[in-house]
$ cat upload_4.txt   # compact mmCIF, C-alpha atoms and all ligand atoms
# COMPACT_ATOMS: atom_id res chain seq x y z
CA MET A 1 -22.73 -13.16 34.54
CA GLU A 2 -25.24 -13.24 31.70
CA ALA A 3 -22.64 -11.75 29.39
CA VAL A 4 -20.14 -14.42 30.39
CA VAL A 5 -22.65 -17.21 29.73
CA GLY A 6 -23.57 -15.57 26.43
CA LEU A 7 -19.94 -15.35 25.42
CA LEU A 8 -19.40 -18.98 26.41
CA MET A 9 -22.39 -20.05 24.30
CA LEU A 10 -21.07 -17.99 21.42
CA LEU A 11 -17.62 -19.57 21.70
CA LEU A 12 -19.12 -23.06 21.90
CA GLY A 13 -21.38 -22.25 18.98
CA VAL A 14 -18.49 -21.01 16.87
CA SER A 15 -16.17 -23.90 17.67
CA HIS A 16 -18.85 -26.59 17.21
CA ALA A 17 -21.73 -26.25 14.83
CA VAL A 18 -20.58 -24.48 11.71
CA GLU A 19 -23.50 -25.27 9.42
CA THR A 20 -23.45 -24.66 5.70
CA PHE A 21 -26.17 -25.03 3.13
CA CYS A 22 -25.69 -26.08 -0.45
CA ASP A 23 -28.18 -26.30 -3.27
CA GLY A 24 -27.22 -29.38 -5.24
CA ARG A 25 -30.13 -29.31 -7.68
CA GLN A 26 -27.94 -28.04 -10.51
CA ASP A 27 -25.39 -30.26 -12.21
CA GLY A 28 -21.83 -29.35 -11.25
CA ALA A 29 -22.72 -27.71 -7.94
CA GLN A 30 -19.76 -26.74 -5.75
CA CYS A 31 -20.46 -27.19 -2.04
CA TYR A 32 -18.40 -26.33 0.99
CA ALA A 33 -18.64 -27.94 4.40
CA ALA A 34 -16.83 -27.06 7.60
CA LEU A 35 -14.51 -29.57 9.16
CA GLY A 36 -16.33 -30.90 12.24
CA GLY A 37 -19.46 -29.03 11.20
CA THR A 38 -22.71 -29.81 9.44
CA VAL A 39 -23.78 -29.50 5.82
CA VAL A 40 -27.35 -29.42 4.56
CA LEU A 41 -27.56 -30.51 0.93
CA GLN A 42 -30.63 -29.78 -1.11
CA LEU A 43 -30.59 -32.79 -3.43
CA MET A 44 -34.10 -32.32 -4.87
CA THR A 45 -37.15 -30.18 -4.23
CA SER A 46 -39.07 -33.12 -2.76
CA ALA A 47 -38.90 -36.89 -3.17
CA SER A 48 -41.55 -38.58 -5.27
CA HIS A 49 -42.98 -42.10 -5.14
CA ARG A 50 -42.48 -42.34 -8.88
CA PHE A 51 -38.66 -42.36 -8.65
CA ARG A 52 -35.79 -44.16 -7.04
CA TYR A 53 -32.83 -42.04 -5.94
CA GLN A 54 -29.20 -42.92 -5.52
CA TRP A 55 -26.38 -40.78 -4.14
CA VAL A 56 -22.90 -42.10 -4.91
CA LYS A 57 -19.51 -40.99 -3.63
CA SER A 58 -16.55 -40.97 -6.07
CA GLU A 59 -18.50 -42.88 -8.74
CA THR A 60 -18.43 -46.16 -6.78
CA LEU A 61 -19.60 -45.95 -3.17
CA GLU A 62 -23.36 -45.85 -2.72
CA ILE A 63 -24.13 -43.55 0.20
CA LEU A 64 -27.88 -43.13 -0.03
CA TYR A 65 -30.60 -45.16 -1.71
CA LEU A 66 -34.23 -44.14 -1.63
CA LYS A 67 -37.18 -46.13 -2.96
CA LYS A 68 -40.86 -45.20 -2.71
CA ASN A 69 -39.88 -42.31 -0.40
CA VAL A 70 -38.26 -44.68 2.04
CA VAL A 71 -34.55 -44.61 2.85
CA VAL A 72 -33.40 -48.14 1.98
CA GLU A 73 -29.73 -47.48 2.50
CA ASN A 74 -27.76 -44.71 4.26
CA LYS A 75 -24.07 -45.41 4.82
CA LEU A 76 -23.74 -42.24 6.90
CA GLU A 77 -26.69 -43.12 9.11
CA SER A 78 -24.96 -42.38 12.42
CA ARG A 79 -24.34 -38.76 11.45
CA SER A 80 -26.89 -37.94 8.78
CA SER A 81 -30.59 -37.77 8.01
CA PHE A 82 -32.55 -37.46 4.80
CA THR A 83 -35.90 -35.66 4.75
CA PRO A 84 -37.98 -36.83 1.73
CA SER A 85 -40.57 -34.04 2.10
CA ASN A 86 -38.08 -31.28 1.34
CA GLY A 87 -35.33 -33.30 -0.33
CA THR A 88 -32.56 -32.30 2.08
CA PHE A 89 -29.70 -34.48 3.21
CA ARG A 90 -28.15 -33.30 6.44
CA ILE A 91 -24.68 -34.57 7.30
CA SER A 92 -22.95 -33.67 10.56
CA ASN A 93 -19.48 -34.22 12.01
CA ILE A 94 -17.90 -33.55 8.64
CA SER A 95 -14.42 -35.02 8.19
CA ARG A 96 -11.72 -34.66 5.51
CA THR A 97 -12.80 -37.96 3.95
CA ASP A 98 -16.12 -36.35 3.00
CA ASP A 99 -14.18 -34.21 0.52
CA ALA A 100 -15.16 -35.85 -2.79
CA GLU A 101 -17.21 -35.66 -5.93
CA TYR A 102 -20.69 -37.09 -5.56
CA THR A 103 -23.17 -38.19 -8.19
CA PHE A 104 -26.92 -38.03 -7.77
CA LYS A 105 -28.92 -40.39 -9.97
CA VAL A 106 -32.67 -40.54 -10.49
CA PHE A 107 -34.40 -43.64 -11.92
CA ASP A 108 -37.96 -44.14 -13.07
CA SER A 109 -39.49 -46.64 -10.66
CA ASP A 110 -41.56 -48.39 -13.37
CA SER A 111 -39.08 -48.67 -16.23
CA GLY A 112 -35.90 -48.64 -14.12
CA MET A 113 -34.42 -46.18 -16.65
CA GLN A 114 -32.08 -43.45 -15.43
CA THR A 115 -33.83 -40.14 -15.98
CA GLU A 116 -31.33 -37.75 -14.42
CA LYS A 117 -27.69 -37.62 -13.36
CA ARG A 118 -26.02 -34.73 -11.53
CA LYS A 119 -22.60 -34.16 -10.07
CA LEU A 120 -21.76 -32.29 -6.90
CA LYS A 121 -18.30 -31.44 -5.61
CA MET A 122 -17.97 -31.16 -1.87
CA SER A 123 -14.93 -29.37 -0.46
CA ILE A 124 -14.08 -29.45 3.22
CA GLN A 125 -12.51 -26.45 4.91
CA ALA A 126 -11.41 -25.95 8.49
CA PRO A 127 -13.07 -22.79 9.88
CA VAL A 128 -10.84 -19.75 10.38
CA SER A 129 -9.94 -18.70 13.89
CA SER A 130 -10.12 -15.14 15.23
CA PRO A 131 -7.19 -13.23 13.73
CA LEU A 132 -4.51 -11.43 15.68
CA LEU A 133 -3.71 -7.85 14.67
CA ALA A 134 -0.33 -6.25 15.22
CA SER A 135 0.86 -2.84 14.13
CA GLU A 136 4.17 -1.02 14.12
CA CYS A 137 5.35 2.43 13.16
CA LEU A 138 7.89 2.73 10.37
CA SER A 139 10.58 5.39 10.08
CA GLN A 140 8.66 7.78 7.82
CA GLY A 141 5.47 7.60 9.89
CA GLU A 142 3.87 4.76 7.90
CA VAL A 143 2.04 2.07 9.86
CA ARG A 144 2.61 -1.57 9.02
CA VAL A 145 -0.23 -3.81 10.16
CA SER A 146 -0.28 -7.57 10.00
CA CYS A 147 -3.26 -9.83 10.50
CA SER A 148 -3.08 -13.53 10.97
CA SER A 149 -5.54 -16.30 11.64
CA GLU A 150 -3.90 -19.40 13.12
CA GLU A 151 -6.40 -21.91 11.80
CA GLY A 152 -8.50 -22.25 8.71
CA ASP A 153 -8.10 -23.45 5.14
CA SER A 154 -7.61 -20.93 2.32
CA PRO A 155 -8.16 -17.80 4.41
CA GLN A 156 -8.90 -14.58 2.52
CA TYR A 157 -7.98 -11.29 4.17
CA SER A 158 -9.73 -7.96 3.73
CA TRP A 159 -9.53 -4.62 5.49
CA THR A 160 -11.69 -1.64 6.34
CA LEU A 161 -10.90 1.66 8.02
CA ASP A 162 -13.78 3.33 9.87
CA GLY A 163 -16.14 1.01 8.01
CA HIS A 164 -14.88 1.75 4.48
CA THR A 165 -12.57 -0.20 2.24
CA LEU A 166 -9.07 1.25 2.14
CA MET A 167 -8.47 3.84 -0.54
CA ASP A 168 -5.31 4.46 -2.54
CA SER A 169 -4.82 7.65 -0.56
CA GLN A 170 -4.57 5.57 2.65
CA LEU A 171 -2.91 2.38 1.49
CA LEU A 172 0.79 2.44 0.66
CA SER A 173 1.22 -1.27 -0.05
CA ALA A 174 -0.12 -4.73 0.66
CA ASN A 175 1.65 -8.04 0.46
CA GLU A 176 0.62 -10.86 -1.85
CA ASP A 177 -1.98 -12.53 0.34
CA ASN A 178 -3.15 -9.21 1.84
CA LYS A 179 -2.20 -10.38 5.35
CA GLU A 180 0.12 -7.43 5.79
CA ILE A 181 -0.55 -3.87 4.72
CA THR A 182 1.27 -0.57 5.10
CA LEU A 183 -0.74 2.58 5.68
CA LYS A 184 0.46 5.96 4.52
CA PRO A 185 1.78 8.44 7.11
CA GLY A 186 -0.97 10.30 8.96
CA VAL A 187 -3.66 7.65 8.44
CA SER A 188 -5.66 6.84 11.57
CA GLY A 189 -8.98 5.30 12.57
CA GLN A 190 -10.66 2.04 13.48
CA LEU A 191 -8.97 -0.63 11.38
CA VAL A 192 -10.75 -3.96 10.92
CA CYS A 193 -9.14 -7.06 9.48
CA SER A 194 -11.62 -9.67 8.29
CA VAL A 195 -10.62 -13.17 7.45
CA ASN A 196 -12.93 -15.65 5.82
CA ASN A 197 -13.15 -18.78 3.78
CA HIS A 198 -16.17 -20.55 2.31
CA VAL A 199 -17.39 -21.87 5.65
CA SER A 200 -16.56 -19.21 8.20
CA SER A 201 -15.45 -15.68 8.92
CA ALA A 202 -13.82 -13.82 11.78
CA ALA A 203 -12.56 -10.31 12.38
CA ALA A 204 -10.34 -8.28 14.64
CA ASN A 205 -10.10 -4.53 15.04
CA LYS A 206 -7.56 -2.05 16.28
CA MET A 207 -7.50 1.70 16.77
CA ILE A 208 -4.72 3.09 14.62
CA SER A 209 -3.30 6.43 15.68
CA GLN A 210 -0.83 8.53 13.75
CA CYS A 211 2.76 7.45 13.96
CA ALA A 212 5.59 9.92 14.50
CA GLY A 213 8.22 8.03 12.56
CA THR A 214 11.83 8.18 13.73
CA GLY A 215 12.69 9.76 10.37
CA ILE A 216 10.29 12.60 11.09
CA ILE A 217 11.59 12.96 14.65
CA LEU A 218 15.18 13.12 13.34
CA ARG A 219 14.22 15.70 10.75
CA ILE A 220 12.47 17.82 13.41
CA ALA A 221 15.51 17.50 15.70
CA ALA A 222 17.82 18.50 12.86
CA SER A 223 15.68 21.54 12.03
CA LEU A 224 15.63 22.55 15.70
CA ALA A 225 19.43 22.21 15.91
CA VAL A 226 19.88 24.39 12.81
CA MET A 227 17.46 26.98 14.18
CA LEU A 228 19.27 27.02 17.54
CA PHE A 229 22.62 27.42 15.82
CA LEU A 230 21.32 30.34 13.75
CA LEU A 231 19.79 31.90 16.86
CA VAL A 232 23.10 31.73 18.72
CA LEU A 233 24.86 33.24 15.72
CA VAL A 234 22.35 36.08 15.48
CA VAL A 235 22.56 36.77 19.22
CA ARG A 236 26.38 36.87 19.10
CA VAL A 237 26.54 39.16 16.07
CA HIS A 238 23.98 41.59 17.48
CA CYS A 239 24.88 41.69 21.17
CA ALA A 240 28.71 41.56 21.22
CA PRO A 241 30.48 44.91 20.42
CA THR A 242 32.53 44.39 17.24
CA THR A 243 35.72 46.21 18.37
CA LYS A 244 36.03 44.21 21.57
CA THR A 245 35.57 40.95 19.68
CA ASN A 246 38.43 41.81 17.32
CA LYS A 247 40.71 42.84 20.12
CA LYS A 248 39.96 39.70 22.04
CA GLY A 249 40.59 37.61 18.95
CA GLN A 250 43.95 39.32 18.52
CA ASP A 251 44.85 38.63 22.15
CA SER A 252 44.08 34.97 21.93
CA GLU A 253 46.13 34.63 18.75
CA ASP A 254 49.10 36.15 20.53
CA ASP A 255 48.60 33.78 23.43
CA GLN A 256 48.64 30.82 21.06
CA ASP A 257 51.94 31.96 19.54
CA VAL A 258 53.55 32.28 22.96
CA ASN A 259 52.30 28.83 23.90
CA TYR A 260 53.65 27.33 20.70
CA ILE A 261 57.08 28.77 21.37
CA ASN A 262 57.04 27.45 24.93
CA ILE A 263 56.20 23.95 23.69
CA ARG A 264 59.04 24.07 21.17
CA MET A 265 61.48 25.13 23.82
CA ALA A 266 60.38 22.38 26.18
CA ASP A 267 60.60 19.86 23.34
CA LEU A 268 64.10 20.90 22.46
CA GLN A 269 65.23 20.62 26.08
CA GLY A 270 63.62 17.18 26.39
CA ARG A 271 65.38 15.86 23.31
CA GLN A 272 68.76 17.21 24.38
CA ARG A 273 68.42 15.18 27.57
CA ALA A 274 67.74 12.01 25.56
CA HIS A 275 70.14 9.10 25.12
CA VAL A 276 73.14 9.66 22.82
CA GLY A 277 72.23 6.66 20.60
CA ASP A 278 68.93 8.27 19.73
CA GLU A 279 70.48 11.57 18.73
CA GLU A 280 70.21 11.13 14.98
CA ILE A 281 66.53 10.19 15.14
CA ASN A 282 65.74 12.96 17.58
CA SER A 283 67.38 15.59 15.48
CA SER A 284 65.47 14.54 12.35
CA VAL A 285 62.18 14.64 14.28
CA PHE A 286 63.12 18.01 15.61
CA THR A 287 63.83 19.29 12.08
CA GLU A 288 60.40 18.14 11.01
CA ALA A 289 58.77 19.81 13.99
CA VAL A 290 60.37 23.11 13.06
C1 LIG B 1 -36.27 -29.89 5.74
O1 LIG B 1 -36.92 -30.57 6.76
C2 LIG B 1 -36.18 -30.81 7.93
C3 LIG B 1 -37.01 -31.70 8.86
O2 LIG B 1 -38.29 -31.16 9.05
C4 LIG B 1 -35.85 -29.47 8.56
O3 LIG B 1 -35.07 -29.67 9.73
C5 LIG B 1 -35.06 -28.64 7.57
O4 LIG B 1 -34.85 -27.36 8.09
C6 LIG B 1 -35.82 -28.54 6.25
N1 LIG B 1 -34.94 -27.88 5.29
C7 LIG B 1 -35.39 -27.03 4.39
C8 LIG B 1 -34.33 -26.43 3.49
O5 LIG B 1 -36.55 -26.72 4.28
C1 LIG B 2 -17.01 -37.27 14.77
O1 LIG B 2 -16.14 -38.06 13.97
C2 LIG B 2 -14.98 -38.50 14.59
C3 LIG B 2 -14.18 -39.30 13.58
O2 LIG B 2 -14.18 -38.67 12.34
C4 LIG B 2 -15.32 -39.33 15.81
O3 LIG B 2 -14.16 -39.71 16.49
C5 LIG B 2 -16.22 -38.53 16.75
O4 LIG B 2 -16.63 -39.36 17.82
C6 LIG B 2 -17.43 -38.03 16.00
N1 LIG B 2 -18.19 -37.13 16.88
C7 LIG B 2 -19.52 -37.17 16.94
C8 LIG B 2 -20.15 -36.19 17.86
O5 LIG B 2 -20.18 -37.94 16.30

$ encode --input "upload_4.txt" --output "structure tokens"
Amino acid sequence: MEAVVGLLMLLLGVSHAVETFCDGRQDGAQCYAALGGTVVLQLMTSASHRFRYQWVKSETLEILYLKKNVVVENKLESRSSFTPSNGTFRISNISRTDDAEYTFKVFDSDSGMQTEKRKLKMSIQAPVSSPLLASECLSQGEVRVSCSSEEGDSPQYSWTLDGHTLMDSQLLSANEDNKEITLKPGVSGQLVCSVNNHVSSAAANKMISQCAGTGIILRIAASLAVMLFLLVLVVRVHCAPTTKTNKKGQDSEDDQDVNYINIRMADLQGRQRAHVGDEEINSSVFTEAV
């Protein structure tokens, strides 16, 4: 029961509050926020009475305005909060429209002069979902494994086998986006496919056992057939008395000759009974048969 509740909490946690942190104190910071999640932006170390602060979206839309450590304006009030003491701006329920370039401006309260200007790019990504792993054996005993996450923006795929990245001795090929790989024949172990983007990660694992490819099976079958054939040959040569074999062979050849003559006789009789109009054709066929 506890495990079920725990799992439920985990699922709820994963699907709801993906929280990312971004330090925006450097000009040109690149931040990522999860769609439907929360982002905590560090805009400054701490707010000071001496300055006024302005946070603007796409050069024009004033989102946040702070004067004498008091939030004068917050356009995202319903889903955000600014904490002057540690300079963090926390925005929840992130949507695609939050994807933009923001500018942070600092003004001297006394002179009104701008003392600092920084840009911050915020990119929104949908979190990746748990991937599905599927494997199949190929004809030469290679294993083709594909991994796919249904949801998520810009997913990146990576693989490990028994906890280690795949080596050239194990990996035969991988497709362009690394979603599908082919393992060399004989490779086995616990295979993990991890998928992640800037706001989330998920993984799936599968026990890979050696594949007996149909090519290998065919080759084994062919070898067995050859061995059996040779065995039969050896047994016949060694066990059957040579003189008797020859005599028997002679007998059967004689039998065949007798049979052939009988067939010719029967054929001749049959054709003689045929219709007169067909005589010319029959005779030519007969000549050929002889
Ligand atoms: C800043 O303060 C808020 C409110 O006390 C707190 O929730 C948050 O964790 C703090 N963030 C940092 C980065 O210290
Ligand atoms: C989140 O935002 C959407 C619109 O973008 C809105 O419909 C929804 O009610 C919001 N949810 C919360 C919990 O604020």

$ closest_residue --input "upload_4.txt" --among "A:Lys67, A:Asn86, A:Leu43, A:Cys239" --to "ligand LIG 1 (chain B)" --atoms "all atoms listed in the file"
A:Asn86

$ residues_near_ligand --input "upload_4.txt" --ligand "ligand LIG 1 (chain B)" --cutoff "9 Å" --atoms "only C-alpha atoms and all ligand atoms" --output "list of chain:residue names"
A:Phe21, A:Val40, A:Leu41, A:Gln42, A:Ser81, A:Phe82, A:Thr83, A:Pro84, A:Ser85, A:Asn86, A:Gly87, A:Thr88, A:Phe89, A:Arg90

$ residues_around --input "upload_4.txt" --residues "Ser95 in chain A" --least-positions-apart "6" --cutoff "9 Å" --atoms "all atoms listed in the file" --output "list in words"
Ala34, Leu35, Gly36, Gly37 and Ile124 of chain A

$ residues_around --input "upload_4.txt" --residues "Tyr32 in chain A" --least-positions-apart "2" --cutoff "7 Å" --atoms "all atoms listed in the file" --output "list of chain:residue names"
A:Gln30, A:Ala34, A:Met122, A:Ser123, A:Ile124, A:His198, A:Val199

$ closest_residue --input "upload_4.txt" --among "A:Met227, A:Phe107, A:Glu77, A:Val195" --to "ligand LIG 2 (chain B)" --atoms "all atoms listed in the file"
A:Glu77

$ closest_atom_pairs --input "upload_4.txt" --of "chain A" --to "ligand LIG 2 (chain B)" --cutoff "8 Å" --atoms "all atoms listed in the file" --output "tab-separated table"
residue	atom	partner	partner_atom	distance
A:Gly36	CA	B:LIG2	C1	6.9
A:Ser78	CA	B:LIG2	O5	7.6
A:Arg79	CA	B:LIG2	O5	6.4
A:Ser92	CA	B:LIG2	O5	7.7
A:Asn93	CA	B:LIG2	C1	4.8
A:Ile94	CA	B:LIG2	O1	7.2
A:Ser95	CA	B:LIG2	O2	5.5

$ closest_residue --input "upload_4.txt" --among "A:Gln54, A:Ser200, A:Asn74, A:Gln190" --to "Lys105 in chain A" --atoms "only C-alpha atoms"
A:Gln54

$ residues_near_point --input "upload_4.txt" --point "(-24.0, -27.8, -5.6)" --cutoff "8 Å" --atoms "all atoms listed in the file" --output "VMD selection string"
chain A and resid 22 to 31 41 119 to 122

$ closest_residue --input "upload_4.txt" --among "A:Ile181, A:Ala17, A:Val237, A:Val70" --to "Arg50 in chain A" --atoms "only C-alpha atoms"
A:Val70

$ atom_distance --input "upload_4.txt" --atom1 "CA of Arg144 in chain A" --atom2 "CA of Asn205 in chain A"
14.4 Å

$ closest_residue --input "upload_4.txt" --among "A:Ser209, A:Ser80, A:Gln125, A:Ser109" --to "Pro155 in chain A" --atoms "all atoms listed in the file"
A:Gln125

$ axis_aligned_box --input "upload_4.txt" --around "range 221-231 of chain A" --padding-each-side "3 Å" --output "AutoDock Vina command-line options"
--center_x 19.1 --center_y 24.7 --center_z 14.8 --size_x 13.1 --size_y 20.4 --size_z 11.5

$ atom_distance --input "upload_4.txt" --atom1 "CA of Glu101 in chain A" --atom2 "CA of Ala202 in chain A"
28.3 Å

$ closest_residue --input "upload_4.txt" --among "A:Gln114, A:Ser129, A:Thr38, A:Ser135" --to "Glu180 in chain A" --atoms "all atoms listed in the file"
A:Ser135

$ residues_near_point --input "upload_4.txt" --point "(-5.7, -6.8, 6.8)" --cutoff "12 Å" --atoms "all atoms listed in the file" --output "ChimeraX atom specification"
/A:131-135,144-149,155-161,165-166,171,173-183,191-196,202-206

$ atom_distance --input "upload_4.txt" --atom1 "CA of Met113 in chain A" --atom2 "CA of Lys57 in chain A"
20.5 Å

$ residues_around --input "upload_4.txt" --residues "Asp153 in chain A" --least-positions-apart "5" --cutoff "8 Å" --atoms "all atoms listed in the file" --output "PyMOL selection string"
chain A and resi 125-128+197

$ write_last_selection --input "upload_4.txt" --atoms "C-alpha atoms" --output "PDB file, keeping the file's coordinate frame"
ATOM      1  CA  GLN A 125     -12.510 -26.450   4.910  1.00  0.00           C
ATOM      2  CA  ALA A 126     -11.410 -25.950   8.490  1.00  0.00           C
ATOM      3  CA  PRO A 127     -13.070 -22.790   9.880  1.00  0.00           C
ATOM      4  CA  VAL A 128     -10.840 -19.750  10.380  1.00  0.00           C
ATOM      5  CA  ASN A 197     -13.150 -18.780   3.780  1.00  0.00           C
TER       6      ASN A 197
END
